[in-house]
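Below: the structure, in C-alpha cells.
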Amino acid sequence: MSTRQQIDEILRLRHEKAKGLEEQKQKLKDLLAELKKVNGMKIRSGDIKNDELRADFIRKHKALGLQELMKQTEEAIGELDTVITRFNRDYLSIATIGKERQGKSQFLQSVSQLDDRVIPAYAAGSCTGAVSIIKNDPNMSPNTVRAEINYRQRDDIIEFAREYVRTINPSYPVNEIDFDTIEYLPLSQLEKAADNAPPENVSAAQAAMKHLRNIVNSFADISSKFGASPETYTDPEIIKTIVAQNNGKKDSDPDIEYYNNYLAVQKADIQCKFFYDPGKVRLIDTVGIESTQAGVIQAMLDTVKNECDAAIVVTRPEASPQTKDIEINNLLMTSFADKMPEKWLFYLVNHFKGHNDNTVDVFDRDIAKWKIAGHMIVDCSDARDVNERFMKSLLDTLLANIDAIDSTYVKSAEDARQKLAEAAKRILDAVGSGESVAKGGVMEQMALNKGKACFNAMGVQLRKIVHQWSRDRNEPNPVLWKEIQKILNSLENEVNPGREAIQRIAETNNVLAGDIWNICLHYVRNKITKQFIDIDEELIKENIRFKNSLVRVFYENLQSLFGEAGDVNDDSVDLTEKLLEKVRPYFGEDEKYAQIYDAIVFLNNFQFNTRAAIIQTVRSQLNIINPLCEEFANPTMNFTVQNCGVQIDYFLTSRLSLIEENLRHELMEIYSTPNRAFFAVAEEFYDRLTFAAVDISSGVVKSMSDIWGEFFVEYARKIWQEQGRDFEIIDAFDNEVRKTLCPLLSAIDQEGE
C-alpha cells in the first residue's frame with residue numbers, strides 16, 4: 001500500500017472513531033447544561049426562611065463542588081474536542097519548530113517548491129512573521145500558490161500590547177489599554193522604562209519595546225485588518241508583504257523594505273503542489289522559538305497539541321547540543337509527557353555545507369540518545385535530500401506509529417471522563433439516596449447538634465463570667481464607685497447654694513435670717529438625697545448589661561433558630577425579658593425543662609439596687625444639718641439679714657465638709673455590694689443551666705447537654721413544622737443533582753464495559 005493509500009485509510013478509520021466520540025461529547029455538553037441549571041438553584045437559597053437551614057444549604061451547596069464538576073466537565077469536553085478535531089481532519093499535519101535562523105523556511109521551500117516570497121528564507125534577519133499552514137494540493141501546477149489569510153481579533157492585539165507594556169513597565173496601568181488607545185501609547189516614556197529596567201529584565205524589556213514599537217508605529221495602517229474576514233491571494237509578491245517581516249535585504253541596504261501586516265495575521269493557509277506527493281499532508285511553519293513576540297512558545301505548544309500529528313525540530317548546529325537545544329527538547333518532553341513524543345517527534349539536523357560540516361555528525365550522534373522518533377542529517381536546500389530521504393523516512397515511521405499516538409489522545413479523553421465520573425460519584429454520595437431531609441431526621445440531628453453546641457458555648461461563657469465576678473466580688477463596683485465619687489467630689493461646690501444665692505433669698509423674701517438657715521438646710525438635704533437616689537438609674541443599666549452577658553449566647557442561638565435578626569450586643573434591650581417571652585410558650589410548664597426555665601425566671605426577676613442601703617447611710621450623716629435630729633447643733637451665732645449670705649455659707653460649708661468626710665468612710669462597705677450580688681446570681685444561673693438535672697424520687701440523673709439538645713429538637717420541630725417549603729427547596733436541589741448525575745455514571749459504566 002502506497003503512502004497516499006495508507007494516509008487515506010488512516011483518515012477513514014479516524015472519521016469512524018470520531019462519530020462515537022461526538023456522541024460522548026454531546027452527552028457531556030448536555031450534562032454541562034444541566035449542571036448549570038442545578039448550580040443556578042443556589043439562588044433559591046434566598047427563599048429558605050430558616051436561617052440555620054439556609055446557611056446549611058449554602059454550605060452544602062458549596063461543599064458539593066458543583067463548580068469544580070462543571071470545570072471538570074468543560075475539561076473533559078475539551079479533551080474530546082482535541083481528539084475529535086484530530087480524527088475529523090482530512091489530512092495529516094506536521095509542525096516545523098525550532099530556533100530562528102535554523103533553516104525551517106528553507107526546508108519548507110524544498111518540500112513545497114515555493115520561494116522566498118511566500119515562505120521567507122532570507123539570509124539576513126528574521127523572516128517569518130506569521131504562522132503558515134502549507135497544504136499539498138496535487139491538482140495545482142508546480143510553483144503556483146493560493147494563500148488564504150486569516151486575521152487576528154481585536155482582543156488579540158490588545159493582549160499583546162498589554163503583555164509588552166507589562167514587561168517594559170510592570171507599574172503601568174495596562175488595563176486602561178484598549179484597541180483605540182494602542183496607537184497613542186507613550187513610546188518615549190516606555191523606552192526610558194525599558195532602558196532603566198533592572199539588569200535581569202533589561203533584555204526582555206528592550207525586546208518587548210522593539211515589538212511594541214512595530215505595533216504602535218504601524219497601527220494606523222494595520223488596525224482595520226483586526227477582526228476582518230479572511231482574504232485570498234495568488235500573487236506571491238502580495239503574499240510576501242503579508243507573511244514576511246521584510247524583503248530579505250540587510251538593514252544597511254537602501255532597498256530594504258519592512259512589512260508589518262504580519263502583526264495582524266493569525267495564520268496563512270497556503271496551498272501548493274509538493275515536490276514529493278505523499279497525499280493529504282500539511283506542514284505548519286511556526287514562528288522561531290527565540291522570537292520575543294508575545295505568546296510564541298505557548299502558540300507553538302498549542303499548535304503541536306491541537307493541530308499536528310508530528311513535529312520536526314529543525315536545527316542547524318554549530319556545535320554539540322547547546323543549552324537552548326536542550327531547553328527546547330525538555331519543553332517538548334515535559335509538555336507532551338503523556339503523548340508519547342518518542343513516536344512523533346523528529347529532528348532534522350540541517351547540514352549547511354561549508355559552515356557546519358564538522359558539527360552535524362557530533363550533534364546527530366548526541367541527540368540519538370534522546371527519546372525521539374527519528375533524526376537525520378539533511379541539507380535543507382537540497383529538495384531531493386529533503387523529500388526522498390527525510391520526508392519519506394518520517395512518513396514511514398509516523399504511519400507505523402499513528403495508532404499508538406492516537407491512543408494517547410483517546411486515553412486523555414477517557415481519563416478526563418473517568419475523573420469526572422469519580423467527582424460525580426462523590427457528589428451523589430454527599431446528597432444521599434433521596435430521602436427527604438425532614439423525614440430522614442436531618443432536621444432533628446441539626447437541632448440536637450445546635451442545642452449541644454449552644455450548651456457548650458454558653459457553659460464556656462458562663463464559666464468566664466462566674467470566674468470574673470469571683471475575682472472582682474470584693475472590689476468596688478466601677479459604676480457605683482464612679483457615681484458616688486462624682487457626688488462626693490462636688491458636694492461642697494454644687495450642693496451648697498453659695499453666699500450670693502443665700503443673700504438674694506434674704507433680701508427678696510420677708511423672712512427672718514434664722515428661717516433662711518432652715519430653708520438652706522432643707523434644700524441641701526433634698527439635693528444630696530436626690531443625687532444618691534438617681535444612682536439607681538445607672539445601676540439599672542449595669543444590671544441589664546450583667547444579665548445580658550449571661551444569656552447572650554442562648555438568646556443568639558434561639559434568635560437564629562427563629563430566623564430573626566437584631567443586635568444581641570445592644571445592652572439597651574433586656575435580653576432576659578425577651579428570652580423569657582420566647583421560651584415560655586414552649587416549656588413554661590414542661591417539667592423536663594423546669595431547671596432551665598426556673599433559671600431564666602430567676603434571672604429575669606433579679607433587680608439589683610442600692611437605694612435602701614445608700615439612703616440609710618446618707619440620711620444618718622445628714623442628721624447634723626437636720627433640726628429634727630439630736631445630732632443637729634445650731635450655729636453659735638445669730639444670723640443677720642444683711643450678712644446672712646456669708647454667715648450661712650460659712651456654716652454650711654463646714655458641715656458639708658464633715659458630711660463628705662464621713663460618707664467617704666461610711667460608704668466603703670457599699671461599693672462592693674453589686675459585685676457580690678452579681679457573683680451570687682451568676683453562680684446560681686450557672687449551676688441551674690449546666691449541672692445535671694436530678695430527679696430524687698426516681699433516682700434519674702440526666703446530662704444538661706442532653707436536655708439542651710432535646711429542647712432544641714422539640715423547639716425546632718415546633719417552629720420548623722410550618723416551614724416545609726424550606727425542605728422542599730433542599731429536597732428539590734438534591735433530587736436535581738441525582739437526576740443529572742446518575743445517567744452520567746450509568747453511561748460511563750456502559751461505555752467502560
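Each chain in the C-alpha cells gets a letter, A, B, ..., in the order shown, and its residues are numbered from 1; ligands are numbered from 1 in order too.
When DSSP reads the backbone of this structure, the residues of segment 305-366 of chain A it assigns to strand (DSSP E) are A:Ala310, A:Ala311, A:Ile312, A:Val313, A:Val314, A:Thr315, A:Leu345, A:Phe346, A:Tyr347, A:Leu348, A:Val349, A:Asn350.
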Residue subset to file, keeping N, CA and C atoms, as an mmCIF file, in the first residue's frame:
```cif
data_model
loop_
_atom_site.group_PDB
_atom_site.id
_atom_site.type_symbol
_atom_site.label_atom_id
_atom_site.label_comp_id
_atom_site.auth_asym_id
_atom_site.auth_seq_id
_atom_site.Cartn_x
_atom_site.Cartn_y
_atom_site.Cartn_z
ATOM 1 N N ALA A 310 2.572 15.195 14.058
ATOM 2 C CA ALA A 310 4.007 15.022 14.282
ATOM 3 C C ALA A 310 4.648 16.394 14.299
ATOM 4 N N ALA A 311 5.903 16.445 14.753
ATOM 5 C CA ALA A 311 6.639 17.709 14.784
ATOM 6 C C ALA A 311 8.085 17.453 14.382
ATOM 7 N N ILE A 312 8.638 18.429 13.658
ATOM 8 C CA ILE A 312 10.036 18.358 13.236
ATOM 9 C C ILE A 312 10.772 19.529 13.876
ATOM 10 N N VAL A 313 11.786 19.223 14.662
ATOM 11 C CA VAL A 313 12.653 20.275 15.188
ATOM 12 C C VAL A 313 13.784 20.457 14.179
ATOM 13 N N VAL A 314 13.799 21.614 13.550
ATOM 14 C CA VAL A 314 14.838 21.913 12.552
ATOM 15 C C VAL A 314 15.949 22.679 13.262
ATOM 16 N N THR A 315 17.156 22.177 13.170
ATOM 17 C CA THR A 315 18.273 22.840 13.842
ATOM 18 C C THR A 315 19.507 22.814 12.949
ATOM 19 N N LEU A 345 8.105 12.796 17.381
ATOM 20 C CA LEU A 345 8.998 13.955 17.411
ATOM 21 C C LEU A 345 10.282 13.630 16.644
ATOM 22 N N PHE A 346 10.535 14.401 15.580
ATOM 23 C CA PHE A 346 11.673 14.142 14.705
ATOM 24 C C PHE A 346 12.626 15.335 14.733
ATOM 25 N N TYR A 347 13.910 15.041 14.538
ATOM 26 C CA TYR A 347 14.928 16.089 14.451
ATOM 27 C C TYR A 347 15.543 16.078 13.057
ATOM 28 N N LEU A 348 15.535 17.265 12.415
ATOM 29 C CA LEU A 348 16.224 17.444 11.146
ATOM 30 C C LEU A 348 17.483 18.245 11.452
ATOM 31 N N VAL A 349 18.646 17.603 11.276
ATOM 32 C CA VAL A 349 19.933 18.260 11.540
ATOM 33 C C VAL A 349 20.395 18.869 10.221
ATOM 34 N N ASN A 350 20.222 20.176 10.102
ATOM 35 C CA ASN A 350 20.457 20.880 8.841
ATOM 36 C C ASN A 350 21.965 21.006 8.561
#
```
Spatial neighbours of Asn626 of chain A, max dist 10 Å, only C-alpha atoms, sep filter under 5 positions, as a CSV table (one decimal) with C-alpha atoms, in the first residue's frame:
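The resulting file, selection.csv, is reproduced below:
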```csv
chain,number,residue,atom,x,y,z
A,518,ASN,CA,-33.5,76.3,107.9
A,521,LEU,CA,-30.7,73.1,105.3
A,522,HIS,CA,-33.9,71.6,103.8
A,525,ARG,CA,-30.6,67.7,102.3
A,619,ARG,CA,-29.5,60.1,105.9
A,621,GLN,CA,-24.8,61.6,108.0
A,631,GLU,CA,-27.1,65.3,116.4
A,632,PHE,CA,-28.1,68.7,115.0
A,633,ALA,CA,-26.3,71.7,116.5
A,634,ASN,CA,-27.4,75.3,116.0
```
Could you pull out the alpha helix (DSSP H) residues of segment 478-697 of chain A from DSSP and send them as a count of residues only? 148
Which of these residues is nearest to Leu301 of chain A, using only C-alpha atoms: A:Phe336, A:Phe107, A:Tyr597, A:Trp517?
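With only C-alpha atoms as the atom set, the closest residue is A:Phe336.
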Would you kindly return, as a tab-separated table (two decimals) with N, CA and C atoms, in the first residue's frame, each protein, DNA or RNA residue with an atom no farther than 8 Å from any atom of segment 353-366 of chain A, considering only C-alpha atoms and excluding same-chain residues fewer than 5 positions away?
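As written to disk, out.tsv reads:
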```tsv
chain	number	residue	atom	x	y	z
A	316	ARG	N	20.23	23.90	12.91
A	316	ARG	CA	21.46	24.00	12.14
A	316	ARG	C	22.60	24.13	13.15
A	317	PRO	N	23.14	23.03	13.65
A	317	PRO	CA	24.07	23.09	14.77
A	317	PRO	C	25.44	23.64	14.38
A	318	GLU	N	25.99	24.43	15.28
A	318	GLU	CA	27.36	24.92	15.14
A	318	GLU	C	28.27	24.23	16.16
A	319	ALA	N	27.66	23.36	16.95
A	319	ALA	CA	28.41	22.60	17.96
A	319	ALA	C	27.51	21.46	18.41
A	320	SER	N	27.93	20.77	19.47
A	320	SER	CA	27.07	19.76	20.07
A	320	SER	C	25.85	20.46	20.67
A	321	PRO	N	24.80	19.72	21.09
A	321	PRO	CA	23.59	20.37	21.62
A	321	PRO	C	23.91	21.40	22.70
A	375	HIS	N	15.88	10.92	13.71
A	375	HIS	CA	16.75	12.07	13.47
A	375	HIS	C	17.58	11.77	12.22
A	376	MET	N	17.92	12.84	11.48
A	376	MET	CA	18.65	12.64	10.23
A	376	MET	C	19.38	13.92	9.87
A	377	ILE	N	20.59	13.76	9.31
A	377	ILE	CA	21.34	14.90	8.79
A	377	ILE	C	20.86	15.15	7.37
A	379	ASP	N	20.47	18.26	4.13
A	379	ASP	CA	20.74	19.58	3.56
A	379	ASP	C	19.39	20.19	3.17
```
In terms of only C-alpha atoms, the residue from A:Ile77, A:Glu500, A:Ala373, A:Tyr671 at minimal distance from Gln485 of chain A is A:Tyr671
If you count only C-alpha atoms, which residues fall within 7 Å of Arg611 of chain A, apart from same-chain ones fewer than 3 positions away, as a ChimeraX atom specification? /A:533,536,614-615
Please save N, CA and C atoms of the selected residues as a tab-separated table (two decimals), in the first residue's frame.
```
chain	number	residue	atom	x	y	z
A	533	ILE	N	-30.16	58.93	95.15
A	533	ILE	CA	-31.25	58.10	94.63
A	533	ILE	C	-31.10	57.90	93.13
A	536	ASP	N	-29.49	54.89	91.06
A	536	ASP	CA	-30.20	53.68	90.65
A	536	ASP	C	-30.37	53.60	89.12
A	614	ILE	N	-27.95	52.84	100.66
A	614	ILE	CA	-27.30	54.14	100.48
A	614	ILE	C	-28.07	55.23	101.22
A	615	ILE	N	-29.40	55.23	101.05
A	615	ILE	CA	-30.19	56.28	101.70
A	615	ILE	C	-30.06	56.20	103.21
```
query = Which polymer residues have any atom within 12 Å of an atom of Asp429 of chain A, counting only C-alpha atoms, with same-chain residues fewer than 6 positions away left out, as an MDAnalysis selection string?
reply = chainID A and resid 64 422:423 734 737:738 741:742
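Picture a line from atom CA of Phe733 of chain A to atom CA of Lys25 of chain A; it runs 25.4 Å.
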Can you tell me, as a compact mmCIF listing (two decimals) with N, CA and C atoms, in the first residue's frame, what residues are no more than 7 Å from segment 216-224 of chain A when counting only C-alpha atoms, ignoring any on the same chain fewer than 2 positions away?
```txt
# COMPACT_ATOMS: atom_id res chain seq x y z
N ILE A 182 -4.09 52.01 21.57
CA ILE A 182 -2.80 51.39 21.25
C ILE A 182 -1.93 52.35 20.43
N GLU A 183 -2.54 53.01 19.48
CA GLU A 183 -1.80 53.90 18.58
C GLU A 183 -1.15 55.06 19.33
N LEU A 212 6.66 46.27 20.49
CA LEU A 212 5.62 47.26 20.75
C LEU A 212 5.75 48.45 19.81
N ARG A 213 6.98 48.87 19.55
CA ARG A 213 7.21 50.00 18.65
C ARG A 213 6.68 49.66 17.25
N ASN A 214 6.92 48.41 16.80
CA ASN A 214 6.40 47.99 15.50
C ASN A 214 4.88 48.10 15.45
N PHE A 226 -7.65 43.85 11.90
CA PHE A 226 -8.02 43.05 13.06
C PHE A 226 -9.53 42.81 13.06
N ASN A 260 4.69 45.13 7.95
CA ASN A 260 4.11 44.96 9.29
C ASN A 260 2.73 44.32 9.27
N ASN A 261 2.29 43.92 8.08
CA ASN A 261 0.97 43.28 8.01
C ASN A 261 0.93 41.99 8.82
N ALA A 264 -0.94 41.52 12.09
CA ALA A 264 -2.39 41.32 12.15
C ALA A 264 -2.81 39.93 11.69
```
Here atom CA of Ile528 of chain A and atom CA of Ile624 of chain A stand apart by 13.5 Å
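What separates atom CA of Asn510 of chain A from atom CA of Ile648 of chain A is a distance of 17.1 Å.
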Against segment 384-394 of chain A, which residues of segment 78-137 of chain A fall within 10 Å? For each one I want the closest pair of atoms and the distance in Å (one decimal), counting only C-alpha atoms, rows by chain and increasing residue number, as a tab-separated table.
```
residue	atom	partner	partner_atom	distance
A:Phe107	CA	A:Val386	CA	7.2
A:Leu108	CA	A:Val386	CA	9.3
A:Ser110	CA	A:Val386	CA	6.7
A:Val111	CA	A:Asn387	CA	6.4
A:Ser112	CA	A:Asn387	CA	9.9
```
Selection above as a file: N, CA and C atoms, as a tab-separated table (two decimals), in the first residue's frame:
```
chain	number	residue	atom	x	y	z
A	107	PHE	N	13.66	24.52	4.52
A	107	PHE	CA	13.15	23.15	4.47
A	107	PHE	C	11.76	23.13	3.83
A	108	LEU	N	10.91	24.08	4.22
A	108	LEU	CA	9.56	24.12	3.69
A	108	LEU	C	9.55	24.49	2.22
A	110	SER	N	11.82	23.56	0.14
A	110	SER	CA	12.21	22.33	-0.56
A	110	SER	C	11.04	21.37	-0.69
A	111	VAL	N	10.17	21.36	0.31
A	111	VAL	CA	9.00	20.47	0.25
A	111	VAL	C	7.93	21.02	-0.68
A	112	SER	N	7.71	22.34	-0.61
A	112	SER	CA	6.56	22.95	-1.28
A	112	SER	C	6.86	23.48	-2.68
```
